[in-house]
file start_31.txt (compact mmCIF, C-alpha atoms)
# COMPACT_ATOMS: atom_id res chain seq x y z
CA MET A 106 -44.06 -14.95 -31.21
CA ASN A 107 -43.25 -17.94 -33.43
CA ARG A 108 -40.24 -19.93 -34.37
CA THR A 109 -39.65 -22.86 -36.67
CA SER A 110 -41.56 -25.93 -35.55
CA ASP A 111 -39.79 -29.06 -34.38
CA SER A 112 -40.01 -32.42 -36.13
CA PRO A 113 -43.61 -33.26 -37.12
CA ARG A 114 -43.27 -36.56 -35.25
CA LYS A 115 -43.00 -34.68 -31.96
CA ALA A 116 -46.11 -34.65 -29.80
CA ARG A 117 -47.78 -31.28 -29.24
CA LEU A 118 -48.57 -29.67 -25.91
CA LEU A 119 -50.45 -26.52 -24.97
CA PHE A 120 -49.17 -24.90 -21.78
CA ILE A 121 -51.50 -22.29 -20.21
CA SER A 122 -50.40 -20.04 -17.35
CA LEU A 123 -51.12 -16.69 -15.73
CA SER A 124 -47.39 -15.92 -15.80
CA ASP A 125 -45.13 -14.91 -18.69
CA GLY A 126 -43.05 -18.07 -18.27
CA SER A 127 -40.43 -16.49 -16.02
CA ASP A 128 -41.73 -18.36 -12.96
CA THR A 129 -39.05 -20.67 -11.58
CA ARG A 130 -41.13 -23.83 -11.59
CA ILE A 131 -42.56 -23.18 -15.03
CA ASN A 132 -39.02 -22.70 -16.37
CA LYS A 133 -38.09 -26.19 -15.18
CA GLU A 134 -41.27 -27.79 -16.46
CA ILE A 135 -40.88 -26.27 -19.91
CA ALA A 136 -37.23 -27.38 -20.06
CA THR A 137 -38.28 -30.95 -19.31
CA LEU A 138 -41.38 -31.07 -21.50
CA ALA A 139 -39.58 -29.49 -24.48
CA ARG A 140 -37.52 -32.65 -24.88
CA ASP A 141 -40.62 -34.63 -25.86
CA PHE A 142 -43.15 -32.02 -26.92
CA SER A 143 -43.50 -29.14 -29.31
CA ILE A 144 -44.90 -26.59 -26.87
CA ASP A 145 -47.29 -23.72 -27.51
CA PHE A 146 -47.28 -21.42 -24.47
CA VAL A 147 -50.06 -18.99 -23.59
CA GLY A 148 -49.55 -16.62 -20.65
CA VAL A 149 -49.85 -13.15 -19.16
CA ALA A 150 -47.20 -10.46 -18.79
CA VAL A 151 -47.82 -7.68 -16.27
CA ASP A 152 -44.77 -5.80 -17.57
CA GLU A 153 -42.50 -6.55 -20.52
CA PRO A 154 -42.48 -10.34 -21.11
CA ARG A 155 -39.23 -12.08 -20.22
CA PRO A 156 -38.12 -14.57 -22.87
CA PHE A 157 -36.67 -17.16 -20.46
CA ILE A 158 -38.48 -20.03 -22.19
CA ALA A 159 -38.85 -18.66 -25.72
CA ARG A 160 -36.17 -20.88 -27.25
CA GLN A 161 -37.77 -23.99 -25.76
CA THR A 162 -41.23 -23.36 -27.16
CA ASN A 163 -42.67 -23.63 -30.65
CA ARG A 164 -44.95 -20.67 -30.08
CA MET A 165 -45.39 -18.07 -27.33
CA GLU A 166 -48.51 -15.94 -27.03
CA VAL A 167 -48.36 -13.55 -24.08
CA VAL A 168 -51.23 -11.22 -23.22
CA ALA A 169 -50.32 -7.90 -21.62
CA GLY A 170 -52.39 -6.92 -18.61
CA ARG A 171 -53.23 -7.46 -14.96
CA ARG A 172 -53.72 -11.09 -13.99
CA ARG A 173 -56.94 -10.39 -12.09
CA SER A 174 -58.47 -8.32 -14.86
CA THR A 175 -61.55 -9.82 -16.50
CA LEU A 176 -60.48 -8.34 -19.84
CA THR A 177 -57.03 -9.93 -19.54
CA LEU A 178 -58.57 -13.32 -18.75
CA LEU A 179 -60.93 -13.05 -21.70
CA ARG A 180 -58.05 -12.19 -24.03
CA LEU A 181 -56.06 -15.12 -22.63
CA ALA A 182 -58.98 -17.48 -23.17
CA TRP A 183 -59.38 -16.18 -26.74
CA ARG A 184 -55.72 -16.89 -27.51
CA ALA A 185 -56.04 -20.39 -26.10
CA ALA A 186 -59.31 -21.00 -27.97
CA ARG A 187 -57.70 -20.03 -31.29
CA LEU A 188 -54.81 -22.41 -30.72
CA LEU A 189 -57.11 -25.25 -29.65
CA ALA A 190 -59.26 -24.72 -32.76
CA ALA A 191 -56.27 -24.67 -35.11
CA ASN A 192 -54.21 -27.48 -33.61
CA ARG A 193 -54.61 -30.98 -32.27
CA TYR A 194 -52.79 -31.26 -28.96
CA ASP A 195 -51.70 -34.49 -27.35
CA SER A 196 -51.86 -32.89 -23.91
CA VAL A 197 -52.76 -29.60 -22.21
CA HIS A 198 -50.97 -28.33 -19.10
CA VAL A 199 -52.89 -25.81 -16.95
CA ILE A 200 -51.40 -23.95 -13.97
CA ASN A 201 -53.63 -23.79 -10.86
CA GLU A 202 -57.35 -24.13 -10.29
CA ASN A 203 -58.31 -20.49 -10.79
CA LEU A 204 -57.05 -20.55 -14.38
CA TYR A 205 -58.64 -23.94 -14.96
CA LEU A 206 -62.02 -22.50 -13.96
CA VAL A 207 -61.63 -19.81 -16.62
CA MET A 208 -60.53 -22.28 -19.28
CA TRP A 209 -62.67 -25.35 -18.59
CA PRO A 210 -65.23 -24.88 -21.42
CA LEU A 211 -62.34 -24.89 -23.89
CA LEU A 212 -60.78 -27.99 -22.38
CA LEU A 213 -63.68 -30.41 -22.84
CA GLY A 214 -62.42 -33.33 -24.91
CA GLN A 215 -58.76 -32.48 -24.23
CA ARG A 216 -56.25 -34.50 -22.23
CA VAL A 217 -55.64 -32.11 -19.31
CA VAL A 218 -52.94 -32.11 -16.63
CA LEU A 219 -53.72 -29.68 -13.80
CA ASP A 220 -50.62 -28.35 -12.03
CA VAL A 221 -51.53 -27.08 -8.54
CA PHE A 222 -48.72 -25.27 -6.76
CA ASP A 223 -50.66 -22.26 -5.48
CA SER A 224 -54.08 -23.64 -4.62
CA MET A 225 -57.01 -21.24 -4.54
CA PHE A 226 -58.85 -23.59 -2.17
CA MET A 227 -56.04 -23.30 0.37
CA LYS A 228 -55.89 -19.51 0.12
CA THR A 229 -59.52 -18.38 0.22
CA SER A 230 -62.10 -18.62 3.01
CA LEU A 231 -64.95 -20.05 0.97
CA PRO A 232 -67.93 -21.73 2.64
CA VAL A 233 -67.19 -25.43 3.08
CA TRP A 234 -69.95 -26.51 0.70
CA LEU A 235 -68.76 -24.13 -2.01
CA SER A 236 -65.14 -25.19 -1.62
CA ARG A 237 -66.10 -28.85 -1.88
CA LEU A 238 -68.23 -28.19 -4.93
CA GLY A 239 -65.43 -26.19 -6.54
CA MET A 240 -62.92 -28.96 -5.93
CA ARG A 241 -65.28 -31.58 -7.34
CA PHE A 242 -65.66 -29.49 -10.46
CA CYS A 243 -61.94 -28.62 -10.85
CA TYR A 244 -60.61 -32.12 -10.27
CA ALA A 245 -63.12 -34.09 -12.37
CA LEU A 246 -61.77 -33.52 -15.89
CA PRO A 247 -57.93 -33.59 -15.51
CA VAL A 248 -56.35 -37.01 -16.00
CA LYS A 249 -53.51 -36.06 -13.65
CA ILE A 250 -53.18 -33.48 -10.88
CA ILE A 251 -49.68 -32.35 -9.94
CA VAL A 252 -48.88 -31.26 -6.37
CA THR A 253 -45.57 -30.22 -4.85
CA ASP A 254 -45.08 -32.58 -1.91
CA GLU A 255 -46.53 -35.41 0.16
CA GLU A 256 -48.17 -33.11 2.71
CA ARG A 257 -50.07 -31.21 0.03
CA ALA A 258 -51.06 -34.54 -1.50
CA ALA A 259 -52.51 -35.57 1.87
CA LEU A 260 -54.67 -32.43 1.90
CA MET A 261 -56.27 -33.31 -1.43
CA PRO A 262 -59.69 -35.03 -1.47
CA ALA A 263 -59.72 -38.82 -1.35
CA TYR A 264 -61.33 -39.07 -4.80
CA THR A 265 -58.26 -37.37 -6.37
CA GLN A 266 -55.61 -39.62 -4.87
CA HIS A 267 -55.40 -41.94 -7.88
CA LYS A 268 -54.71 -38.92 -10.10
CA LEU A 269 -52.03 -37.26 -8.00
CA VAL A 270 -48.44 -36.80 -9.14
CA ILE A 271 -45.99 -35.45 -6.55
CA LEU A 272 -43.46 -33.22 -8.29
CA PRO A 273 -41.24 -31.47 -5.73
CA ASN A 274 -39.81 -27.98 -6.12
CA TYR A 275 -36.22 -29.12 -6.55
CA PRO A 276 -33.79 -27.20 -8.79
CA PHE A 277 -31.60 -28.48 -11.58
CA ARG A 278 -28.13 -29.39 -10.37
CA TYR A 279 -25.99 -26.27 -10.02
CA THR A 280 -22.53 -26.53 -11.57
CA GLY A 281 -21.72 -22.85 -12.00
CA PRO A 282 -19.24 -20.60 -10.20
CA SER A 283 -19.36 -19.93 -6.47
CA GLY A 284 -19.04 -16.45 -5.02
CA SER A 285 -17.10 -15.50 -1.94
CA ARG A 286 -18.84 -14.65 1.32
CA ASP A 287 -17.86 -11.54 3.24
CA PRO A 288 -17.04 -12.47 6.86
CA ALA A 289 -17.84 -8.94 8.01
CA VAL A 290 -21.53 -8.94 6.97
CA ILE A 291 -24.65 -11.08 7.04
CA ARG A 292 -25.84 -11.21 3.43
CA ILE A 293 -29.43 -12.39 2.86
CA MET A 294 -30.94 -13.43 -0.46
CA TYR A 295 -34.55 -12.26 -0.85
CA ALA A 296 -35.92 -13.79 -4.05
CA GLY A 297 -39.13 -14.83 -5.79
CA SER A 298 -42.45 -13.09 -5.16
CA LEU A 299 -41.39 -10.09 -3.09
CA LEU A 300 -44.24 -8.89 -0.89
CA HIS A 301 -44.61 -6.68 2.18
CA ARG A 302 -45.90 -9.57 4.33
CA ARG A 303 -43.69 -12.20 2.68
CA GLY A 304 -40.28 -10.91 3.67
CA THR A 305 -40.17 -7.15 3.19
CA ALA A 306 -41.43 -6.19 6.68
CA PHE A 307 -39.08 -8.71 8.31
CA LEU A 308 -36.04 -7.37 6.43
CA GLN A 309 -36.95 -3.77 7.13
CA ALA A 310 -37.03 -4.54 10.85
CA LEU A 311 -33.75 -6.46 10.67
CA LEU A 312 -31.96 -3.72 8.75
CA ALA A 313 -33.16 -1.17 11.32
CA VAL A 314 -31.26 -2.90 14.15
CA SER A 315 -28.26 -4.45 12.37
CA GLU A 316 -25.65 -2.42 10.53
CA ASP A 317 -23.90 -5.57 9.27
CA VAL A 318 -26.94 -6.94 7.41
CA ARG A 319 -26.99 -6.76 3.61
CA VAL A 320 -29.80 -7.88 1.29
CA VAL A 321 -29.72 -9.13 -2.29
CA MET A 322 -33.16 -8.83 -3.92
CA ALA A 323 -34.29 -10.56 -7.11
CA GLY A 324 -37.82 -11.26 -8.27
CA TRP A 325 -41.24 -9.74 -8.79
CA ILE A 326 -42.51 -6.61 -7.02
CA GLN A 327 -46.11 -5.49 -7.34
CA LYS A 328 -46.37 -1.92 -8.60
CA ASP A 329 -48.49 -0.82 -5.63
CA ASP A 330 -46.26 -2.44 -2.98
CA GLU A 331 -44.53 0.74 -1.82
CA PRO A 332 -42.70 -0.85 1.16
CA THR A 333 -41.07 -3.46 -1.09
CA LEU A 334 -40.20 -0.88 -3.74
CA ALA A 335 -38.64 1.26 -1.00
CA LEU A 336 -36.67 -1.72 0.30
CA SER A 337 -35.20 -2.29 -3.17
CA ARG A 338 -33.76 1.24 -2.98
CA HIS A 339 -32.33 0.89 0.54
CA PRO A 340 -28.56 1.62 0.71
CA SER A 341 -27.88 -1.84 2.19
CA VAL A 342 -29.87 -3.60 -0.54
CA GLU A 343 -28.70 -4.79 -3.96
CA TRP A 344 -31.55 -5.00 -6.48
CA LEU A 345 -31.05 -7.47 -9.35
CA GLY A 346 -34.48 -7.62 -11.00
CA VAL A 347 -36.02 -10.84 -12.34
CA MET A 348 -33.54 -13.65 -12.97
CA PRO A 349 -33.68 -17.36 -13.96
CA GLN A 350 -33.26 -19.92 -11.17
CA GLN A 351 -29.68 -20.89 -12.00
CA MET A 352 -28.64 -17.24 -11.79
CA ILE A 353 -30.46 -16.94 -8.46
CA ILE A 354 -28.46 -19.88 -7.15
CA GLU A 355 -25.24 -18.31 -8.42
CA GLN A 356 -26.06 -15.12 -6.53
CA ALA A 357 -26.96 -17.16 -3.47
CA THR A 358 -23.49 -18.72 -3.37
CA ARG A 359 -22.16 -15.37 -2.14
CA CYS A 360 -24.94 -14.96 0.41
CA ASP A 361 -25.12 -16.42 3.91
CA PHE A 362 -28.88 -17.01 3.97
CA ILE A 363 -31.92 -17.28 1.73
CA LEU A 364 -35.09 -15.90 3.29
CA CYS A 365 -38.22 -18.09 3.37
CA HIS A 366 -40.86 -16.04 5.16
CA TYR A 367 -44.55 -16.90 4.88
CA GLU A 368 -47.37 -15.25 6.77
CA PRO A 369 -49.32 -18.09 8.43
CA ASN A 370 -52.69 -16.65 7.47
CA ASN A 371 -53.87 -19.47 5.19
CA ILE A 372 -53.28 -23.17 4.56
CA ASN A 373 -51.45 -22.47 1.31
CA ASN A 374 -48.74 -20.53 3.15
CA ILE A 375 -48.50 -22.93 6.07
CA TYR A 376 -47.99 -25.80 3.63
CA ALA A 377 -45.65 -23.82 1.38
CA SER A 378 -43.14 -25.87 -0.63
CA PRO A 379 -40.50 -23.21 -1.29
CA ASN A 380 -37.91 -23.96 -3.95
CA LYS A 381 -35.69 -21.56 -1.98
CA ILE A 382 -34.79 -24.30 0.51
CA TYR A 383 -33.51 -26.57 -2.24
CA ASP A 384 -31.84 -23.65 -4.03
CA ALA A 385 -30.00 -22.99 -0.76
CA ILE A 386 -28.86 -26.62 -0.62
CA GLN A 387 -27.42 -26.32 -4.14
CA ALA A 388 -25.73 -23.01 -3.25
CA GLY A 389 -24.33 -24.26 0.06
CA THR A 390 -26.25 -21.44 1.73
CA ALA A 391 -28.36 -21.53 4.89
CA VAL A 392 -32.00 -20.43 5.13
CA ILE A 393 -34.12 -18.30 7.43
CA ILE A 394 -37.68 -19.55 7.95
CA ASN A 395 -40.55 -18.93 10.33
CA PRO A 396 -41.73 -21.88 12.48
CA GLU A 397 -45.39 -21.81 11.44
CA VAL A 398 -44.48 -23.19 8.00
CA ARG A 399 -44.59 -26.98 8.02
CA ILE A 400 -41.34 -27.40 6.13
CA ALA A 401 -39.52 -25.57 8.95
CA ALA A 402 -39.37 -28.97 10.66
CA PHE A 403 -37.24 -30.26 7.78
CA VAL A 404 -34.96 -27.22 8.06
CA ARG A 405 -34.53 -27.85 11.78
CA GLU A 406 -33.96 -31.60 11.41
CA GLN A 407 -31.33 -31.18 8.70
CA GLY A 408 -29.64 -28.16 10.31
CA LEU A 409 -30.23 -26.09 7.18
CA GLY A 410 -30.62 -22.70 8.81
CA VAL A 411 -32.23 -20.52 11.43
CA VAL A 412 -35.83 -21.25 12.40
CA LEU A 413 -37.24 -18.05 13.91
CA ASP A 414 -39.24 -18.12 17.14
CA ALA A 415 -42.26 -16.63 15.33
CA TYR A 416 -43.35 -15.11 12.03
CA GLU A 417 -42.93 -11.69 13.67
CA PRO A 418 -40.03 -11.98 16.13
CA LYS A 419 -40.20 -9.50 19.00
CA ASP A 420 -36.43 -9.15 19.42
CA MET A 421 -34.85 -8.46 16.03
CA ALA A 422 -31.46 -7.78 17.60
CA ALA A 423 -31.53 -11.33 18.97
CA VAL A 424 -32.45 -12.61 15.50
CA ALA A 425 -29.45 -10.82 14.01
CA GLU A 426 -27.19 -12.38 16.63
CA SER A 427 -28.57 -15.85 15.92
CA LEU A 428 -27.76 -15.32 12.24
CA ARG A 429 -24.19 -14.35 13.05
CA GLN A 430 -23.74 -17.40 15.24
CA PHE A 431 -25.27 -19.79 12.72
CA LYS A 432 -23.13 -18.40 9.91
CA ALA A 433 -19.98 -18.92 11.96
CA GLY A 434 -20.61 -22.65 12.37
CA TYR A 435 -22.59 -23.68 9.28
CA GLN A 436 -21.25 -26.61 7.26
CA PRO A 437 -23.38 -27.62 4.24
CA ASN A 438 -24.12 -31.32 3.77
CA PRO A 439 -22.98 -32.28 0.23
CA ALA A 440 -25.14 -35.43 0.28
CA LEU A 441 -28.28 -33.29 0.28
CA ALA A 442 -27.12 -31.45 -2.85
CA GLU A 443 -26.98 -34.81 -4.63
CA LYS A 444 -30.43 -35.86 -3.43
CA TYR A 445 -32.80 -32.95 -3.95
CA LEU A 446 -32.49 -32.46 -7.72
CA TRP A 447 -35.03 -31.78 -10.46
CA GLU A 448 -33.25 -34.38 -12.59
CA ALA A 449 -34.32 -37.03 -10.06
CA VAL A 450 -38.05 -36.24 -10.31
CA GLU A 451 -38.70 -34.70 -13.74
CA GLY A 452 -39.67 -38.08 -15.16
CA ARG A 453 -42.89 -37.81 -13.15
CA LEU A 454 -43.87 -34.77 -15.20
CA LEU A 455 -43.32 -36.61 -18.47
CA ALA A 456 -45.25 -39.61 -17.16
CA ALA A 457 -48.17 -37.31 -16.25
CA HIS A 458 -48.30 -36.32 -19.90
CA ALA A 459 -48.19 -40.00 -20.95
CA VAL A 460 -44.52 -39.95 -21.97
CA SER A 461 -42.34 -42.78 -20.76
CA ALA A 462 -39.13 -41.31 -19.24
CA THR A 463 -36.08 -43.37 -20.11

call {"tool": "encode", "arguments": {"input": "start_31.txt", "output": "structure tokens"}}
result
Amino acid sequence: MNRTSDSPRKARLLFISLSDGSDTRINKEIATLARDFSIDFVGVAVDEPRPFIARQTNRMEVVAGRRRSTLTLLRLAWRAARLLAANRYDSVHVINENLYLVMWPLLLGQRVVLDVFDSMFMKTSLPVWLSRLGMRFCYALPVKIIVTDEERAALMPAYTQHKLVILPNYPFRYTGPSGSRDPAVIRIMYAGSLLHRRGTAFLQALLAVSEDVRVVMAGWIQKDDEPTLALSRHPSVEWLGVMPQQMIIEQATRCDFILCHYEPNNINNIYASPNKIYDAIQAGTAVIINPEVRIAAFVREQGLGVVLDAYEPKDMAAVAESLRQFKAGYQPNPALAEKYLWEAVEGRLLAAHAVSAT
């Protein structure tokens, strides 16, 4: 898909992702980069592509297929290769190490920024020697490596520290309408990547013991995830499909909680940097989070919501009661809504691509 190019004086950037551009973080990054770059975007759409970023790009090439399919990856690489052969880019932005490994032969001689927000080395149980070798390979070429917070930066190898850019998962300031909360129910926002072990099982158990619980779902469901598909059809659940972040925040303003539930089965999940916490701050909504996630300490310190006693609580009726009690006394801190904003940190992204933010 093409549209008229911007001014020829504008720098050019190639943005390569395994998503179709509807990812929340990618939406924000494209919005920021589009101010200084003419962007060509190459991605993958599992279903129909969602044109959230189309108007902010010069060109969008989206391959249809499964993200883990070798054929899909080859087609994606071919699209990127054609663009790299036909254009001179000032910078190339690549999402995550697994995609970088596919693309690296094409990126030799390019100025590459590697954006790591879902690290393969924190998710897989590779032998230590192989993991170290893989990191050495992945982190050698990029001039900058973006991570989402200080704790993830501390997990990166020492030889990468001079390249690191910390770009938190904050949202743009929300200035839209606020919904009204129903005092008779506990309404929970379940958004983002919707997975059986990332919120679905917890909500199923909660709904089974609490007649006053309601769920608002918005995001991505895998076609073979039958429990999550079934949850979307539950009579106490409102299914909204895939929505941009600002619309998610608008929906959250009528909810009492946003669910942040991560199975503590790998380092990537334990060190999750969920945008949901900062979305909740903008919406004036509380969060639910399990204690194994490191950022739960921040939730507890700031009084932002209910920290469960475990990833899989044994007494769901007690959980429901704790939600009712927290809702009754929760008072959002407006100072936090002024602090944790994408506008305050987006200059780091431009600087990573050698643009001076003014």

call {"tool": "closest_residue", "arguments": {"input": "start_31.txt", "among": "A:Thr333, A:Ser143, A:Thr175, A:Ser224", "to": "Asp195 of chain A", "atoms": "all atoms listed in the file"}}
result
A:Ser143

call {"tool": "closest_residue", "arguments": {"input": "start_31.txt", "among": "A:Thr265, A:Met348, A:Ala456, A:Val392", "to": "Arg155 of chain A", "atoms": "only C-alpha atoms"}}
result
A:Met348

call {"tool": "closest_atom_pairs", "arguments": {"input": "start_31.txt", "of": "segment 261-349 of chain A", "to": "segment 443-454 of chain A", "cutoff": "8 Å", "atoms": "only C-alpha atoms", "output": "tab-separated table"}}
result
residue	atom	partner	partner_atom	distance
A:Val270	CA	A:Arg453	CA	6.9
A:Ile271	CA	A:Arg453	CA	7.7
A:Leu272	CA	A:Val450	CA	6.5
A:Pro273	CA	A:Val450	CA	7.3
A:Asn274	CA	A:Trp447	CA	7.5
A:Tyr275	CA	A:Trp447	CA	4.9
A:Pro276	CA	A:Trp447	CA	5.0
A:Phe277	CA	A:Trp447	CA	4.9
A:Arg278	CA	A:Leu446	CA	6.0

call {"tool": "closest_residue", "arguments": {"input": "start_31.txt", "among": "A:Arg257, A:Asp287, A:Val321, A:Val218", "to": "Ile400 of chain A", "atoms": "all atoms listed in the file"}}
result
A:Arg257

call {"tool": "residues_near_point", "arguments": {"input": "start_31.txt", "point": "(-36.4, -26.0, 0.3)", "cutoff": "9 Å", "atoms": "only C-alpha atoms", "output": "short mmCIF file (atom, residue, chain, number, x, y, z; two decimals) with C-alpha atoms, in the frame of the given file"}}
result
data_model
loop_
_atom_site.label_atom_id
_atom_site.label_comp_id
_atom_site.auth_asym_id
_atom_site.auth_seq_id
_atom_site.Cartn_x
_atom_site.Cartn_y
_atom_site.Cartn_z
CA ASN A 274 -39.81 -27.98 -6.12
CA TYR A 275 -36.22 -29.12 -6.55
CA CYS A 365 -38.22 -18.09 3.37
CA SER A 378 -43.14 -25.87 -0.63
CA PRO A 379 -40.50 -23.21 -1.29
CA ASN A 380 -37.91 -23.96 -3.95
CA LYS A 381 -35.69 -21.56 -1.98
CA ILE A 382 -34.79 -24.30 0.51
CA TYR A 383 -33.51 -26.57 -2.24
CA ASP A 384 -31.84 -23.65 -4.03
CA ALA A 385 -30.00 -22.99 -0.76
CA ILE A 386 -28.86 -26.62 -0.62
CA VAL A 392 -32.00 -20.43 5.13
CA ILE A 400 -41.34 -27.40 6.13
CA PHE A 403 -37.24 -30.26 7.78
CA VAL A 404 -34.96 -27.22 8.06
CA TYR A 445 -32.80 -32.95 -3.95
#

call {"tool": "closest_residue", "arguments": {"input": "start_31.txt", "among": "A:Tyr194, A:Phe222, A:Tyr435, A:Tyr244", "to": "Val411 of chain A", "atoms": "all atoms listed in the file"}}
result
A:Tyr435

call {"tool": "axis_aligned_box", "arguments": {"input": "start_31.txt", "around": "segment 168-187 of chain A", "padding_each_side": "5 Å", "output": "lines of an AutoDock Vina configuration file"}}
result
center_x = -55.9
center_y = -14.0
center_z = -21.7
size_x = 21.2
size_y = 24.1
size_z = 29.2

call {"tool": "closest_residue", "arguments": {"input": "start_31.txt", "among": "A:Arg302, A:Lys228, A:Arg184, A:Lys249", "to": "Asn373 of chain A", "atoms": "only C-alpha atoms"}}
result
A:Lys228

call {"tool": "atom_distance", "arguments": {"input": "start_31.txt", "atom1": "atom CA of Gln351 of chain A", "atom2": "atom CA of Ser285 of chain A"}}
result
17.0 Å

call {"tool": "atom_distance", "arguments": {"input": "start_31.txt", "atom1": "atom CA of Arg180 of chain A", "atom2": "atom CA of Val168 of chain A"}}
result
6.9 Å

call {"tool": "residues_around", "arguments": {"input": "start_31.txt", "residues": "segment 306-310 of chain A", "least_positions_apart": "4", "cutoff": "8 Å", "atoms": "all atoms listed in the file", "output": "VMD selection string"}}
result
chain A and resid 301 to 302 314 332 336 417 421
